[in-house]
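Student: Just structure19.pdb, nothing more (PDB, C-alpha atoms):
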```pdb
ATOM      1  CA  MET A   1      -2.975 -20.915  -8.320  1.00  0.00           C
ATOM      2  CA  ALA A   2      -1.603 -19.044 -11.315  1.00  0.00           C
ATOM      3  CA  LEU A   3      -3.451 -16.032 -12.626  1.00  0.00           C
ATOM      4  CA  ASP A   4      -4.602 -15.915 -16.224  1.00  0.00           C
ATOM      5  CA  PRO A   5      -3.797 -12.802 -18.282  1.00  0.00           C
ATOM      6  CA  GLN A   6      -7.266 -11.284 -17.740  1.00  0.00           C
ATOM      7  CA  GLU A   7      -6.996 -11.708 -13.960  1.00  0.00           C
ATOM      8  CA  ARG A   8      -3.556 -10.116 -14.025  1.00  0.00           C
ATOM      9  CA  GLN A   9      -4.849  -7.170 -16.059  1.00  0.00           C
ATOM     10  CA  ALA A  10      -7.722  -6.672 -13.622  1.00  0.00           C
ATOM     11  CA  LEU A  11      -5.307  -6.667 -10.671  1.00  0.00           C
ATOM     12  CA  ILE A  12      -2.948  -4.266 -12.456  1.00  0.00           C
ATOM     13  CA  GLY A  13      -5.955  -1.993 -13.013  1.00  0.00           C
ATOM     14  CA  ARG A  14      -6.810  -2.099  -9.317  1.00  0.00           C
ATOM     15  CA  TYR A  15      -3.169  -1.444  -8.460  1.00  0.00           C
ATOM     16  CA  ALA A  16      -3.096   1.566 -10.806  1.00  0.00           C
ATOM     17  CA  ASP A  17      -6.348   2.924  -9.339  1.00  0.00           C
ATOM     18  CA  GLY A  18      -5.206   2.644  -5.713  1.00  0.00           C
ATOM     19  CA  PRO A  19      -3.805   6.174  -5.314  1.00  0.00           C
ATOM     20  CA  ARG A  20      -7.020   7.691  -6.670  1.00  0.00           C
ATOM     21  CA  ARG A  21      -9.058   5.660  -4.191  1.00  0.00           C
ATOM     22  CA  LEU A  22      -6.785   6.665  -1.321  1.00  0.00           C
ATOM     23  CA  ARG A  23      -6.969  10.359  -2.214  1.00  0.00           C
ATOM     24  CA  GLU A  24     -10.752  10.087  -2.640  1.00  0.00           C
ATOM     25  CA  ALA A  25     -11.154   8.560   0.821  1.00  0.00           C
ATOM     26  CA  LEU A  26      -8.943  11.274   2.300  1.00  0.00           C
ATOM     27  CA  SER A  27     -10.898  14.032   0.548  1.00  0.00           C
ATOM     28  CA  HIS A  28     -13.919  13.318   2.761  1.00  0.00           C
ATOM     29  CA  VAL A  29     -11.967  13.623   6.007  1.00  0.00           C
ATOM     30  CA  PRO A  30     -12.082  17.086   7.568  1.00  0.00           C
ATOM     31  CA  ASP A  31      -8.816  18.486   8.890  1.00  0.00           C
ATOM     32  CA  ALA A  32     -10.107  18.101  12.455  1.00  0.00           C
ATOM     33  CA  ALA A  33     -10.470  14.338  11.968  1.00  0.00           C
ATOM     34  CA  ARG A  34      -7.181  13.567  10.227  1.00  0.00           C
ATOM     35  CA  ARG A  35      -5.069  13.128  13.363  1.00  0.00           C
ATOM     36  CA  TRP A  36      -7.812  11.570  15.498  1.00  0.00           C
ATOM     37  CA  ARG A  37      -7.190   7.968  16.571  1.00  0.00           C
ATOM     38  CA  PRO A  38     -10.194   5.646  16.826  1.00  0.00           C
ATOM     39  CA  ALA A  39      -8.647   3.785  19.781  1.00  0.00           C
ATOM     40  CA  PRO A  40      -5.339   3.506  21.624  1.00  0.00           C
ATOM     41  CA  GLY A  41      -2.811   1.784  19.392  1.00  0.00           C
ATOM     42  CA  LYS A  42      -4.855   2.457  16.231  1.00  0.00           C
ATOM     43  CA  TRP A  43      -3.613   4.735  13.484  1.00  0.00           C
ATOM     44  CA  SER A  44      -5.080   8.102  12.627  1.00  0.00           C
ATOM     45  CA  VAL A  45      -5.965   8.835   8.999  1.00  0.00           C
ATOM     46  CA  HIS A  46      -2.763  10.864   8.806  1.00  0.00           C
ATOM     47  CA  GLU A  47      -0.706   7.898  10.030  1.00  0.00           C
ATOM     48  CA  VAL A  48      -2.453   5.547   7.583  1.00  0.00           C
ATOM     49  CA  ILE A  49      -1.359   7.744   4.681  1.00  0.00           C
ATOM     50  CA  CYS A  50       2.227   7.865   5.977  1.00  0.00           C
ATOM     51  CA  HIS A  51       2.212   4.072   6.338  1.00  0.00           C
ATOM     52  CA  CYS A  52       1.003   3.767   2.758  1.00  0.00           C
ATOM     53  CA  ALA A  53       3.933   5.869   1.529  1.00  0.00           C
ATOM     54  CA  ASP A  54       6.496   3.662   3.264  1.00  0.00           C
ATOM     55  CA  SER A  55       4.713   0.446   2.382  1.00  0.00           C
ATOM     56  CA  GLU A  56       4.423   1.394  -1.267  1.00  0.00           C
ATOM     57  CA  THR A  57       8.099   2.362  -1.375  1.00  0.00           C
ATOM     58  CA  ASN A  58       8.987  -1.052   0.039  1.00  0.00           C
ATOM     59  CA  ALA A  59       6.599  -2.739  -2.389  1.00  0.00           C
ATOM     60  CA  ALA A  60       8.153  -1.003  -5.380  1.00  0.00           C
ATOM     61  CA  MET A  61      11.575  -2.307  -4.403  1.00  0.00           C
ATOM     62  CA  ARG A  62      10.262  -5.786  -3.642  1.00  0.00           C
ATOM     63  CA  ILE A  63       8.806  -6.279  -7.116  1.00  0.00           C
ATOM     64  CA  ARG A  64      11.992  -4.998  -8.687  1.00  0.00           C
ATOM     65  CA  TYR A  65      14.126  -7.410  -6.651  1.00  0.00           C
ATOM     66  CA  VAL A  66      11.921 -10.350  -7.602  1.00  0.00           C
ATOM     67  CA  LEU A  67      11.982  -9.374 -11.267  1.00  0.00           C
ATOM     68  CA  ALA A  68      15.657  -8.490 -11.598  1.00  0.00           C
ATOM     69  CA  GLU A  69      17.626 -10.552  -9.073  1.00  0.00           C
ATOM     70  CA  GLN A  70      18.261 -14.291  -8.854  1.00  0.00           C
ATOM     71  CA  SER A  71      16.431 -15.821  -5.860  1.00  0.00           C
ATOM     72  CA  PRO A  72      16.221 -12.579  -3.860  1.00  0.00           C
ATOM     73  CA  THR A  73      15.462 -12.398  -0.169  1.00  0.00           C
ATOM     74  CA  ILE A  74      12.612  -9.995   0.498  1.00  0.00           C
ATOM     75  CA  VAL A  75      12.940  -8.492   3.961  1.00  0.00           C
ATOM     76  CA  GLY A  76       9.857  -7.959   6.095  1.00  0.00           C
ATOM     77  CA  TYR A  77       9.537  -4.959   8.365  1.00  0.00           C
ATOM     78  CA  ASP A  78       7.662  -4.013  11.526  1.00  0.00           C
ATOM     79  CA  GLN A  79       5.092  -1.470  10.355  1.00  0.00           C
ATOM     80  CA  GLU A  80       4.216  -0.471  13.923  1.00  0.00           C
ATOM     81  CA  ALA A  81       7.862   0.258  14.703  1.00  0.00           C
ATOM     82  CA  TRP A  82       8.154   2.304  11.516  1.00  0.00           C
ATOM     83  CA  ALA A  83       5.078   4.329  12.455  1.00  0.00           C
ATOM     84  CA  GLN A  84       6.508   5.048  15.887  1.00  0.00           C
ATOM     85  CA  GLN A  85      10.204   5.456  15.110  1.00  0.00           C
ATOM     86  CA  LEU A  86       9.576   7.557  12.001  1.00  0.00           C
ATOM     87  CA  ASP A  87       6.961   9.610  13.880  1.00  0.00           C
ATOM     88  CA  TYR A  88       4.203   9.287  11.297  1.00  0.00           C
ATOM     89  CA  SER A  89       1.970  11.575  13.344  1.00  0.00           C
ATOM     90  CA  GLU A  90       4.308  14.503  12.566  1.00  0.00           C
ATOM     91  CA  HIS A  91       5.307  13.572   9.026  1.00  0.00           C
ATOM     92  CA  PRO A  92       3.942  15.915   6.322  1.00  0.00           C
ATOM     93  CA  LEU A  93       0.885  14.449   4.612  1.00  0.00           C
ATOM     94  CA  GLU A  94       1.215  15.799   1.050  1.00  0.00           C
ATOM     95  CA  PRO A  95       4.697  14.385   0.386  1.00  0.00           C
ATOM     96  CA  ALA A  96       3.459  11.017   1.661  1.00  0.00           C
ATOM     97  CA  LEU A  97       0.531  11.091  -0.774  1.00  0.00           C
ATOM     98  CA  ALA A  98       2.805  12.227  -3.584  1.00  0.00           C
ATOM     99  CA  THR A  99       5.121   9.307  -2.814  1.00  0.00           C
ATOM    100  CA  VAL A 100       2.262   6.806  -3.108  1.00  0.00           C
ATOM    101  CA  GLU A 101       1.208   8.309  -6.428  1.00  0.00           C
ATOM    102  CA  ALA A 102       4.734   8.502  -7.853  1.00  0.00           C
ATOM    103  CA  VAL A 103       5.745   5.008  -6.789  1.00  0.00           C
ATOM    104  CA  ARG A 104       2.662   3.448  -8.329  1.00  0.00           C
ATOM    105  CA  ALA A 105       2.898   5.557 -11.485  1.00  0.00           C
ATOM    106  CA  ASN A 106       6.490   4.345 -11.864  1.00  0.00           C
ATOM    107  CA  THR A 107       5.610   0.676 -11.245  1.00  0.00           C
ATOM    108  CA  VAL A 108       2.475   0.284 -13.393  1.00  0.00           C
ATOM    109  CA  PRO A 109       4.430   0.486 -16.693  1.00  0.00           C
ATOM    110  CA  ILE A 110       6.744  -2.272 -15.502  1.00  0.00           C
ATOM    111  CA  LEU A 111       3.803  -4.528 -14.689  1.00  0.00           C
ATOM    112  CA  ALA A 112       2.027  -3.708 -17.954  1.00  0.00           C
ATOM    113  CA  ARG A 113       4.950  -4.799 -20.114  1.00  0.00           C
ATOM    114  CA  LEU A 114       6.086  -7.925 -18.267  1.00  0.00           C
ATOM    115  CA  PRO A 115       6.621 -10.904 -20.544  1.00  0.00           C
ATOM    116  CA  GLU A 116       4.757 -14.087 -19.677  1.00  0.00           C
ATOM    117  CA  ASN A 117       7.824 -15.814 -18.194  1.00  0.00           C
ATOM    118  CA  ALA A 118       8.354 -12.966 -15.691  1.00  0.00           C
ATOM    119  CA  TRP A 119       5.138 -13.882 -13.888  1.00  0.00           C
ATOM    120  CA  THR A 120       6.745 -17.102 -12.620  1.00  0.00           C
ATOM    121  CA  ARG A 121       9.720 -15.382 -10.966  1.00  0.00           C
ATOM    122  CA  GLN A 122      10.006 -15.610  -7.203  1.00  0.00           C
ATOM    123  CA  GLY A 123      12.108 -14.936  -4.169  1.00  0.00           C
ATOM    124  CA  THR A 124      11.859 -15.726  -0.480  1.00  0.00           C
ATOM    125  CA  HIS A 125      10.167 -13.404   2.008  1.00  0.00           C
ATOM    126  CA  THR A 126      11.719 -13.441   5.490  1.00  0.00           C
ATOM    127  CA  GLU A 127       8.277 -13.741   7.120  1.00  0.00           C
ATOM    128  CA  SER A 128       6.073 -15.615   4.654  1.00  0.00           C
ATOM    129  CA  GLY A 129       8.410 -17.790   2.594  1.00  0.00           C
ATOM    130  CA  ARG A 130       7.936 -18.170  -1.172  1.00  0.00           C
ATOM    131  CA  TYR A 131       7.160 -14.775  -2.711  1.00  0.00           C
ATOM    132  CA  SER A 132       6.238 -14.628  -6.377  1.00  0.00           C
ATOM    133  CA  VAL A 133       5.420 -11.802  -8.754  1.00  0.00           C
ATOM    134  CA  GLU A 134       1.773 -12.909  -8.674  1.00  0.00           C
ATOM    135  CA  ASP A 135       1.788 -13.040  -4.845  1.00  0.00           C
ATOM    136  CA  TRP A 136       3.068  -9.466  -4.880  1.00  0.00           C
ATOM    137  CA  LEU A 137       0.394  -8.344  -7.341  1.00  0.00           C
ATOM    138  CA  ARG A 138      -2.433  -9.939  -5.366  1.00  0.00           C
ATOM    139  CA  LEU A 139      -1.253  -8.256  -2.168  1.00  0.00           C
ATOM    140  CA  TYR A 140      -0.586  -4.782  -3.510  1.00  0.00           C
ATOM    141  CA  ALA A 141      -3.575  -4.603  -5.853  1.00  0.00           C
ATOM    142  CA  GLU A 142      -5.696  -4.477  -2.721  1.00  0.00           C
ATOM    143  CA  HIS A 143      -3.324  -2.703  -0.321  1.00  0.00           C
ATOM    144  CA  LEU A 144      -4.574   0.840  -0.893  1.00  0.00           C
ATOM    145  CA  GLU A 145      -8.164  -0.396  -1.115  1.00  0.00           C
ATOM    146  CA  VAL A 146      -7.789  -1.848   2.384  1.00  0.00           C
ATOM    147  CA  HIS A 147      -6.390   1.413   3.713  1.00  0.00           C
ATOM    148  CA  SER A 148      -9.027   3.488   1.916  1.00  0.00           C
ATOM    149  CA  ARG A 149     -11.674   1.469   3.763  1.00  0.00           C
ATOM    150  CA  GLN A 150      -9.715   1.978   7.000  1.00  0.00           C
ATOM    151  CA  ILE A 151      -9.856   5.739   6.411  1.00  0.00           C
ATOM    152  CA  GLU A 152     -13.604   5.506   5.800  1.00  0.00           C
ATOM    153  CA  ARG A 153     -14.059   3.558   9.053  1.00  0.00           C
ATOM    154  CA  ASN A 154     -11.961   6.099  10.965  1.00  0.00           C
ATOM    155  CA  LEU A 155     -14.086   8.912   9.576  1.00  0.00           C
ATOM    156  CA  ALA A 156     -17.326   7.134  10.490  1.00  0.00           C
ATOM    157  CA  ALA A 157     -16.050   6.514  14.029  1.00  0.00           C
ATOM    158  CA  TRP A 158     -14.928  10.151  14.361  1.00  0.00           C
ATOM    159  CA  LYS A 159     -18.347  11.376  13.202  1.00  0.00           C
ATOM    160  CA  ALA A 160     -20.141   9.025  15.599  1.00  0.00           C
ATOM    161  CA  LYS A 161     -18.030  10.209  18.525  1.00  0.00           C
ATOM    162  CA  ASN A 162     -18.107  13.913  17.697  1.00  0.00           C
ATOM    163  CA  HIS A 163     -21.691  14.194  16.533  1.00  0.00           C
ATOM    164  CA  ALA A 164     -23.404  11.899  19.015  1.00  0.00           C
TER     165      ALA A 164
END
```
Write the structure described by the file as structure tokens, please.

Tutor:
Amino acid sequence: MALDPQERQALIGRYADGPRRLREALSHVPDAARRWRPAPGKWSVHEVICHCADSETNAAMRIRYVLAEQSPTIVGYDQEAWAQQLDYSEHPLEPALATVEAVRANTVPILARLPENAWTRQGTHTESGRYSVEDWLRLYAEHLEVHSRQIERNLAAWKAKNHA
């Protein structure tokens, strides 16, 4: 279902606010808890932030392909493989956060000035099929919110385990 202009503006606002929310969630996590994993196979807070940097970089390119290319193919990726192969646990945290902030700051102005006809553009995602500008906005408006809540859950689990 197509978004009306007010819904789009609300989602763009959430998208723009994502880095602040992510940094806020991280600000409550003590250094001792940042690399702690809540369970085998689950990401630490540190790894979540590194994932966000790579995901947001991919997202920024995806929206540009859909907006600028004719019928683009949007390639999916294996986020678990990226976390492992790119060794997120050892990647520096501050550049990852700065990447999230810069990528979103560079994408918000594009979204804010899109003409009405741009919102109907689409491509094909290799994993999910039809992939429109609005599909992208719905997904990424909440992406950092989801990971901010993940960080909050990790912190709560760390506190429960270490202060029980």

Student: Show me, as a list in words, the residues that have an atom within 7 Å of stretch 13-25 of chain A when counting all atoms listed in the file, minus same-chain residues fewer than 4 positions from it.

Tutor: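 Near stretch 13-25 of chain A, the qualifying residues are Gln9, Val100, Glu101, Arg104, Val108, Tyr140, Ala141, Glu142, Leu144, Glu145, Ser148, Ile151 and Glu152 of chain A.
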
Student: Could you check how far atom CA of A:Ile74 sits from atom CA of A:Ile49, in Å to one decimal?

Tutor: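 Atom CA of A:Ile49 lies 23.0 Å from atom CA of A:Ile74.
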
Student: With distances taken over all atoms listed in the file, which of A:Ile12, A:His163, A:Glu7, A:Ala53 is nearest to A:Pro92?

Tutor: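 Of all the options, A:Ala53 lies closest to A:Pro92.
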
Student: Going by the chain IDs and residue numbers used in this file, which residues fall under the PyMOL selection byres ((chain A and resi 50) around 8)? Write them as a PyMOL selection string.

Tutor: chain A and resi 46-49+51-54+83+88+91+93+96-97

Student: Using only C-alpha atoms, which residues sit within 7 Å of stretch 65-71 of chain A once same-chain residues fewer than 2 positions away are excluded, as an NGL selection string?

Tutor: :A and (61-63 or 73 or 118 or 121-123 or 133)

Student: Leaving out A:Asp78 and any residue of its chain fewer than 5 positions from it, which residues lie within 12 Å of it when counting all atoms listed in the file, given as a ChimeraX atom specification?

Tutor: /A:51,54-55,58,83-86,126-127

Student: Can you tell me how far atom CA of A:Val75 sits from atom CA of A:Arg37, in Å to one decimal?

Tutor: 28.9 Å

Student: Out of A:Leu111, A:Val45, A:Val29, A:Ala157, which residue has the shortest atom-to-atom distance to A:Leu11 when counting all atoms listed in the file?

Tutor: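 Of A:Leu111, A:Val45, A:Val29, A:Ala157, the one nearest A:Leu11 is A:Leu111, counting all atoms listed in the file.
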
Student: I'd like to know which of A:Trp119, A:Trp36, A:Tyr77, A:Trp43 is closest to A:Tyr131, using all atoms listed in the file.

Tutor: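 Among the listed residues, the smallest separation from A:Tyr131 belongs to A:Trp119.
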
Student: From the set A:Ser89, A:Gln6, A:Ser44, A:Ser27, which residue has the shortest atom-to-atom contact distance to A:Asn154, counting only C-alpha atoms?

Tutor: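 Closest candidate: A:Ser44.
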
Student: Using all atoms listed in the file, find the one residue out of A:Arg138, A:Lys42, A:His28, A:Arg113 that sits nearest to A:Ala156.

Tutor: A:His28

Student: Kindly give the distance, in Å, that separates atom CA of A:Trp136 and atom CA of A:Ala59, rounded to a single decimal.

Tutor: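 Interatomic distance here is 8.0 Å.
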
Student: For each of A:Trp82, A:Glu56, A:Asp135, A:Gly129, take the minimum atom-to-atom distance to A:Val103, counting only C-alpha atoms, then give the residue where this is smallest.

Tutor: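 Under the stated criterion, the closest residue is A:Glu56.
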
Student: Output the residue selection produced by the PyMOL selection byres ((chain A and resi 2) around 10) on the file above, formatted as a list in words.

Tutor: Met1, Leu3, Asp4, Pro5, Glu7, Arg8, Trp119, Thr120, Glu134 and Asp135 of chain A
